[in-house]
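**Student:** Below you'll find the structure I mean.
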Amino acid sequence: MSLHRENAQGSAELPSTYDGPVTFAIIGGTGLYNLPNLKPVARLTVSTPWGFPSSPITISVTEKGFPVAFLARHGQAHDLLPTDVPARANIAALKSLGVTAVVAFSAVGSLQQEIKPRDFVVPTQIIDRTKGNRPLTFFEKGFVAHAMFGEPFDLKLNRLIRDHIPKTGFLEAEDKKGVVPVLHTKPDDRGAEDLTVICMEGPQFSTRAESKIYRSWGGSVINMSVLPEAKLAREAELAYQMICMSTDYDSWNEDEEPVTVETIVGNLNANSANACKLAAALIEIVSEHGKDLGAELKGSMKFSVSTANHSLSKEVLAKMHFLFPGYWPAH
Ligand SMILES: CSC[C@H]1O[C@H](OP(=O)(O)O)[C@H](O)[C@@H]1O
Ligand SMILES: Nc1ncnc2[nH]cnc12
């Protein structure tokens with residue numbers, strides 16, 4: 001069974017350049033490999049100081065001409081393990097196109113009974129359970145800087161989704177028992193009801209004991225993909241929100257079979273159709289209401305560098321200027 005759908009128009013013959021800025025991007029996870037509802041107009045191969053992104057970036061436009069960049073996180077043929085995703089190149093490439101806001105889709109396991117397989121979750125917090133073997137920052141020896149990350153997702157994007165997409169009745173594909181999928185969002189901006197995504201290393205799924213620990217920590221869902229993507233987006237001053245698509249109950253739920261790829265694939269087919277529908281709706285919403293997304297992050301890294309200006313080398317500045325043209329004038 002293949003989850004890879006092709007755009008109506010093949011992309012091989014598309015131009016390899018695109019003039020003009022693209023401010024909004026979608027990163028597709030498992031089950032979302034393109035934006036079938038939009039018209040593709042260019043397919044870009046972008047080289048960055050951190051290598052090439054997971055896939056070429058497709059630029060598509062809505063009927064009203066709003067451009068959107070799309071990138072497949074694990075590659076167009078899904079040949080990259082979560083650990084091997086070149087997240088720095090992905091984020092840097094999007095930033096270089098003029099992107100200011102990113103919505104990223106990801107397949108997740110549910111850690112809570114009320115989050116059923118096929119439900120979608122818009123998380124507000126992250127717990128890092130990766131193992132330290134993914135490059136997690138654009139900064140390096142000779143260029144020390146620190147980004148704020150207490151609020152790891154973008155509140156404006158979060159609110160746009162919460163306020164414009166109905167919780168029930170929007171997502172389709174009821175399960176065998178006739179239960180319809182729900183969109184879970186935090187009710188307001190206060191901390192009490194955060195929806196927390198645990199990011200584990202993988203590629204193996206969790207043991208039952210681990211899964212129970214994550215529940216005791218208040219985890220809502222679990223994946224292998226939100227980090228370092230979210231951290232790098234913050235460093236690059238991009239507004240970033242993940243949308244999690246639940247495929248299974250992970251391993252904690254002893255009333256359910258422990259997670260298998262078969263369970264996941266069945267639910268992914270339903271999720272994939274809903275992801276396309278939600279992405280299309282979000283693009284319309286962002287094109288109408290998202291003009292200033294990322295505005296409050298702009299400039300945030302300029303004054304977050306600890307290293308003395310006179311000691312920044314030309315080599316390191318060349319890399320940083322790919323992300324932040326005009327910051328820290330070369331001396
Ligand atoms: C196919 S299940 C495990 C896999 O799914 C998620 O990936 P993605 O974020 O691309 O949807 C999860 O993080 C794991 O990488
Ligand atoms: N149970 C799970 N754990 C980690 N990543 C996942 N992606 C989908 N289901 C998952």
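Ligands are numbered from 1 in the order shown, chains are lettered A, B, ... in the order of the structure tokens, and residues start at 1 in each chain.
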Can you tell me which residues sit at most 9 Å away from ligand 1, counting only C-alpha atoms and all ligand atoms, written as a PyMOL selection string?
**Tutor:** chain A and resi 27-32+72-74+78+81-83+104-109+199-205+222-226+244-245+247+260-261+264-265+268
**Student:** Using only C-alpha atoms, which protein or nucleic acid residues come within 9 Å of Leu323 (chain A)? Drop anything in the same chain fewer than 2 positions from it, and give the result as a PyMOL selection string.
**Tutor:** chain A and resi 92-93+95-96+236+319-321+325
**Student:** Among region 19-201 of chain A, which ones does DSSP place in helix (DSSP H, G or I), written as a list in words?
**Tutor:**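 Answer for region 19-201 of chain A, restricted to helix (DSSP H, G or I): Pro82, Thr83, Asp84, Ala87, Arg88, Ala89, Asn90, Ile91, Ala92, Ala93, Leu94, Lys95, Ser96, Leu155, Lys156, Leu157, Asn158, Arg159, Leu160, Ile161, Arg162, Asp163, His164, Gly191, Ala192 and Glu193 of chain A.
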**Student:** Check region 203-302 of chain A with DSSP on the backbone and list each residue it calls strand (DSSP E or B), as number ranges by chain.
**Tutor:** A: 221-223, 239-248
**Student:** Limited to C-alpha atoms, could you put the picked residues into a file as a PDB file, in the first residue's frame?
**Tutor:**
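Saved the output as out-v8.pdb:
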ATOM      1  CA  VAL A 221       1.278  12.492  22.031  1.00  0.00           C
ATOM      2  CA  ILE A 222       4.656  11.090  20.967  1.00  0.00           C
ATOM      3  CA  ASN A 223       6.692  11.304  17.777  1.00  0.00           C
ATOM      4  CA  ALA A 239       6.866  31.128  13.358  1.00  0.00           C
ATOM      5  CA  TYR A 240       6.396  27.350  13.666  1.00  0.00           C
ATOM      6  CA  GLN A 241       3.475  25.120  14.623  1.00  0.00           C
ATOM      7  CA  MET A 242       3.239  21.344  14.368  1.00  0.00           C
ATOM      8  CA  ILE A 243      -0.019  19.515  13.650  1.00  0.00           C
ATOM      9  CA  CYS A 244       0.062  15.981  15.007  1.00  0.00           C
ATOM     10  CA  MET A 245      -1.957  13.202  13.349  1.00  0.00           C
ATOM     11  CA  SER A 246      -2.656  10.353  15.751  1.00  0.00           C
ATOM     12  CA  THR A 247      -2.136   6.878  14.309  1.00  0.00           C
ATOM     13  CA  ASP A 248      -2.010   4.582  17.396  1.00  0.00           C
TER      14      ASP A 248
END
**Student:** Could you give me, as JSON, numbers by chain, the residues within 12 Å of Ala273 (chain A), counting only C-alpha atoms and dropping anything in the same chain fewer than 6 positions from it?
**Tutor:** {"A": [3, 4, 5, 31, 32, 33, 34, 35, 36, 37, 118, 170, 171, 172, 173, 245, 267, 279, 280]}
**Student:** I'd like the contact shell of Val182 (chain A) - 8 Å cut-off, only C-alpha atoms, skipping same-chain residues fewer than 6 positions apart - returned as an MDAnalysis selection string.
**Tutor:** chainID A and resid 118:120 167:169 171
**Student:** How far is it from CA of Ser216 (chain A) to atom 10 (C, counted along the ligand's line) of ligand 2, in Å with one decimal?
**Tutor:** 17.5 Å
**Student:** For the atom pair CA of His289 (chain A) and CA of Ala89 (chain A), what is the interatomic distance in Å to one decimal place?
**Tutor:**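 Atom-to-atom, CA of His289 (chain A) and CA of Ala89 (chain A) are spaced 28.3 Å apart.
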**Student:** I'd like to know which of A:Val144, A:Val179, A:Ile165, A:Leu282 is closest to Val103 (chain A), using only C-alpha atoms.
**Tutor:** A:Leu282
**Student:** Smallest atom-to-atom distance to Gly142 (chain A): which of A:Ser300, A:Gly294, A:Tyr327, A:His310, using only C-alpha atoms?
**Tutor:** A:His310
**Student:** Choose the residue, out of A:Thr17, A:Asn158, A:Asn253, A:Ser54, that has the smallest atom-to-atom separation from ligand 2; count only C-alpha atoms and all ligand atoms.
**Tutor:** A:Asn253
**Student:** Just give me the gap between CA of Ser304 (chain A) and CA of Asp84 (chain A) in Å, one decimal is fine.
**Tutor:**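 Taking CA of Ser304 (chain A) as the start and CA of Asp84 (chain A) as the end point, the length is 28.3 Å.
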**Student:** Quick one: residues within 10 Å of Val99 (chain A), only C-alpha atoms, excluding same-chain residues fewer than 6 positions away - as a ChimeraX atom specification?
**Tutor:** /A:21-25,68-69,91-93,237-239,293-294
**Student:** Please produce a file of those selected residues containing N, CA and C atoms, as a tab-separated table (two decimals), in the first residue's frame.
**Tutor:**
chain	number	residue	atom	x	y	z
A	21	PRO	N	8.98	36.44	-3.19
A	21	PRO	CA	9.05	35.76	-1.90
A	21	PRO	C	7.91	34.77	-1.69
A	22	VAL	N	8.19	33.76	-0.92
A	22	VAL	CA	7.17	32.80	-0.47
A	22	VAL	C	7.22	32.89	1.04
A	23	THR	N	6.14	33.30	1.66
A	23	THR	CA	6.22	33.55	3.11
A	23	THR	C	5.72	32.37	3.95
A	24	PHE	N	4.97	31.46	3.34
A	24	PHE	CA	4.38	30.38	4.14
A	24	PHE	C	4.84	29.02	3.61
A	25	ALA	N	5.16	28.11	4.54
A	25	ALA	CA	5.61	26.77	4.14
A	25	ALA	C	4.89	25.69	4.92
A	68	VAL	N	2.91	28.93	-1.73
A	68	VAL	CA	3.23	28.12	-0.56
A	68	VAL	C	4.40	27.20	-0.92
A	69	ALA	N	5.36	27.09	0.01
A	69	ALA	CA	6.48	26.16	-0.20
A	69	ALA	C	6.15	24.84	0.50
A	91	ILE	N	15.24	23.87	7.35
A	91	ILE	CA	14.80	25.17	7.87
A	91	ILE	C	15.55	26.31	7.17
A	92	ALA	N	16.86	26.13	6.96
A	92	ALA	CA	17.64	27.20	6.31
A	92	ALA	C	17.15	27.41	4.88
A	93	ALA	N	16.83	26.34	4.18
A	93	ALA	CA	16.37	26.47	2.79
A	93	ALA	C	15.04	27.24	2.75
A	237	GLU	N	14.16	32.37	13.46
A	237	GLU	CA	13.13	33.41	13.62
A	237	GLU	C	11.87	33.13	12.79
A	238	LEU	N	11.56	31.83	12.62
A	238	LEU	CA	10.35	31.47	11.88
A	238	LEU	C	9.24	31.10	12.86
A	239	ALA	N	8.03	31.59	12.60
A	239	ALA	CA	6.87	31.13	13.36
A	239	ALA	C	6.64	29.67	12.96
A	293	LEU	N	2.65	37.01	10.50
A	293	LEU	CA	3.20	35.84	11.20
A	293	LEU	C	4.72	35.92	11.23
A	294	GLY	N	5.29	35.67	12.37
A	294	GLY	CA	6.75	35.71	12.52
A	294	GLY	C	7.29	37.10	12.80
**Student:** Near Lys302 (chain A), counting only C-alpha atoms, which residues have an atom at most 8 Å away, once you skip same-chain residues fewer than 3 positions from it, shown as a list in words?
**Tutor:**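 Listed by chain and then number, they are Gly299, Val305, Tyr327 and Trp328 of chain A.
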**Student:** I need the residues from that last selection saved to file as a compact mmCIF listing (two decimals), in the first residue's frame (with N, CA and C atoms), if you can.
**Tutor:**
# COMPACT_ATOMS: atom_id res chain seq x y z
N GLY A 299 14.36 39.77 14.23
CA GLY A 299 15.36 40.55 14.99
C GLY A 299 15.71 39.92 16.32
N VAL A 305 23.49 37.07 20.64
CA VAL A 305 24.81 36.45 20.43
C VAL A 305 25.73 36.84 21.59
N TYR A 327 22.59 41.02 9.47
CA TYR A 327 22.88 41.07 10.91
C TYR A 327 24.41 41.05 11.07
N TRP A 328 24.90 41.54 12.16
CA TRP A 328 26.32 41.49 12.54
C TRP A 328 27.23 41.87 11.37
**Student:** Neighbouring residues of Ile213 (chain A) were defined as those with any atom within 12 Å, considering only C-alpha atoms; residues of the same chain fewer than 3 positions away were excluded. Please report them as a list of chain:residue names.
**Tutor:**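 Those residues are A:Leu111, A:Arg129, A:Ile198, A:Ser206, A:Thr207, A:Arg208, A:Ala209, A:Glu210, A:Ser216, A:Trp217, A:Gly218, A:Gly219, A:Ser220, A:Ile222, A:Ser251, A:Trp252.
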**Student:** How would the residues just picked look written out with N, CA and C atoms as a PDB file, in the first residue's frame?
**Tutor:**
ATOM      1  N   LEU A 111      -0.906   9.326  23.767  1.00  0.00           N
ATOM      2  CA  LEU A 111      -0.603   8.926  25.142  1.00  0.00           C
ATOM      3  C   LEU A 111      -1.814   9.133  26.047  1.00  0.00           C
ATOM      4  N   ARG A 129      13.180  13.867  24.268  1.00  0.00           N
ATOM      5  CA  ARG A 129      13.727  12.547  24.624  1.00  0.00           C
ATOM      6  C   ARG A 129      14.610  12.023  23.483  1.00  0.00           C
ATOM      7  N   ILE A 198       5.894  14.518  23.121  1.00  0.00           N
ATOM      8  CA  ILE A 198       7.185  13.948  23.523  1.00  0.00           C
ATOM      9  C   ILE A 198       7.925  13.607  22.234  1.00  0.00           C
ATOM     10  N   SER A 206       8.416   2.985  21.600  1.00  0.00           N
ATOM     11  CA  SER A 206       8.711   2.906  23.040  1.00  0.00           C
ATOM     12  C   SER A 206       8.297   1.574  23.638  1.00  0.00           C
ATOM     13  N   THR A 207       8.921   1.229  24.757  1.00  0.00           N
ATOM     14  CA  THR A 207       8.426   0.095  25.549  1.00  0.00           C
ATOM     15  C   THR A 207       7.177   0.554  26.323  1.00  0.00           C
ATOM     16  N   ARG A 208       6.464  -0.421  26.877  1.00  0.00           N
ATOM     17  CA  ARG A 208       5.272  -0.063  27.673  1.00  0.00           C
ATOM     18  C   ARG A 208       5.674   0.784  28.881  1.00  0.00           C
ATOM     19  N   ALA A 209       6.799   0.416  29.507  1.00  0.00           N
ATOM     20  CA  ALA A 209       7.243   1.166  30.697  1.00  0.00           C
ATOM     21  C   ALA A 209       7.561   2.621  30.327  1.00  0.00           C
ATOM     22  N   GLU A 210       8.236   2.806  29.211  1.00  0.00           N
ATOM     23  CA  GLU A 210       8.557   4.183  28.786  1.00  0.00           C
ATOM     24  C   GLU A 210       7.283   4.961  28.490  1.00  0.00           C
ATOM     25  N   SER A 216       2.879   9.801  32.658  1.00  0.00           N
ATOM     26  CA  SER A 216       2.982  10.390  34.010  1.00  0.00           C
ATOM     27  C   SER A 216       3.601  11.792  33.941  1.00  0.00           C
ATOM     28  N   TRP A 217       4.343  12.083  32.887  1.00  0.00           N
ATOM     29  CA  TRP A 217       4.911  13.431  32.715  1.00  0.00           C
ATOM     30  C   TRP A 217       3.907  14.414  32.097  1.00  0.00           C
ATOM     31  N   GLY A 218       2.741  13.902  31.752  1.00  0.00           N
ATOM     32  CA  GLY A 218       1.746  14.790  31.139  1.00  0.00           C
ATOM     33  C   GLY A 218       1.809  14.810  29.625  1.00  0.00           C
ATOM     34  N   GLY A 219       2.507  13.849  29.027  1.00  0.00           N
ATOM     35  CA  GLY A 219       2.579  13.793  27.561  1.00  0.00           C
ATOM     36  C   GLY A 219       1.205  13.533  26.954  1.00  0.00           C
ATOM     37  N   SER A 220       0.929  14.210  25.855  1.00  0.00           N
ATOM     38  CA  SER A 220      -0.334  13.995  25.133  1.00  0.00           C
ATOM     39  C   SER A 220      -0.104  13.047  23.964  1.00  0.00           C
ATOM     40  N   ILE A 222       3.214  11.367  21.093  1.00  0.00           N
ATOM     41  CA  ILE A 222       4.656  11.090  20.967  1.00  0.00           C
ATOM     42  C   ILE A 222       5.027  10.943  19.492  1.00  0.00           C
ATOM     43  N   SER A 251       2.273   2.301  23.392  1.00  0.00           N
ATOM     44  CA  SER A 251       2.355   0.976  24.037  1.00  0.00           C
ATOM     45  C   SER A 251       1.746   0.924  25.419  1.00  0.00           C
ATOM     46  N   TRP A 252       1.253   2.088  25.928  1.00  0.00           N
ATOM     47  CA  TRP A 252       0.786   2.131  27.317  1.00  0.00           C
ATOM     48  C   TRP A 252      -0.567   1.474  27.496  1.00  0.00           C
TER      49      TRP A 252
END
**Student:** With only C-alpha atoms and all ligand atoms as the basis for distance, which of A:Gln112, A:Arg159, A:Thr62, A:Leu44 is at the shortest distance from ligand 2?
**Tutor:**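 When distances to ligand 2 are compared using only C-alpha atoms and all ligand atoms, the smallest one comes from A:Gln112.
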**Student:** Select, from A:Ser110, A:Thr137, A:Thr130, A:Gln125, the residue with the minimum atom-to-atom distance to Thr196 (chain A), counting only C-alpha atoms.
**Tutor:**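 When distances to Thr196 (chain A) are compared using only C-alpha atoms, the smallest one comes from A:Gln125.
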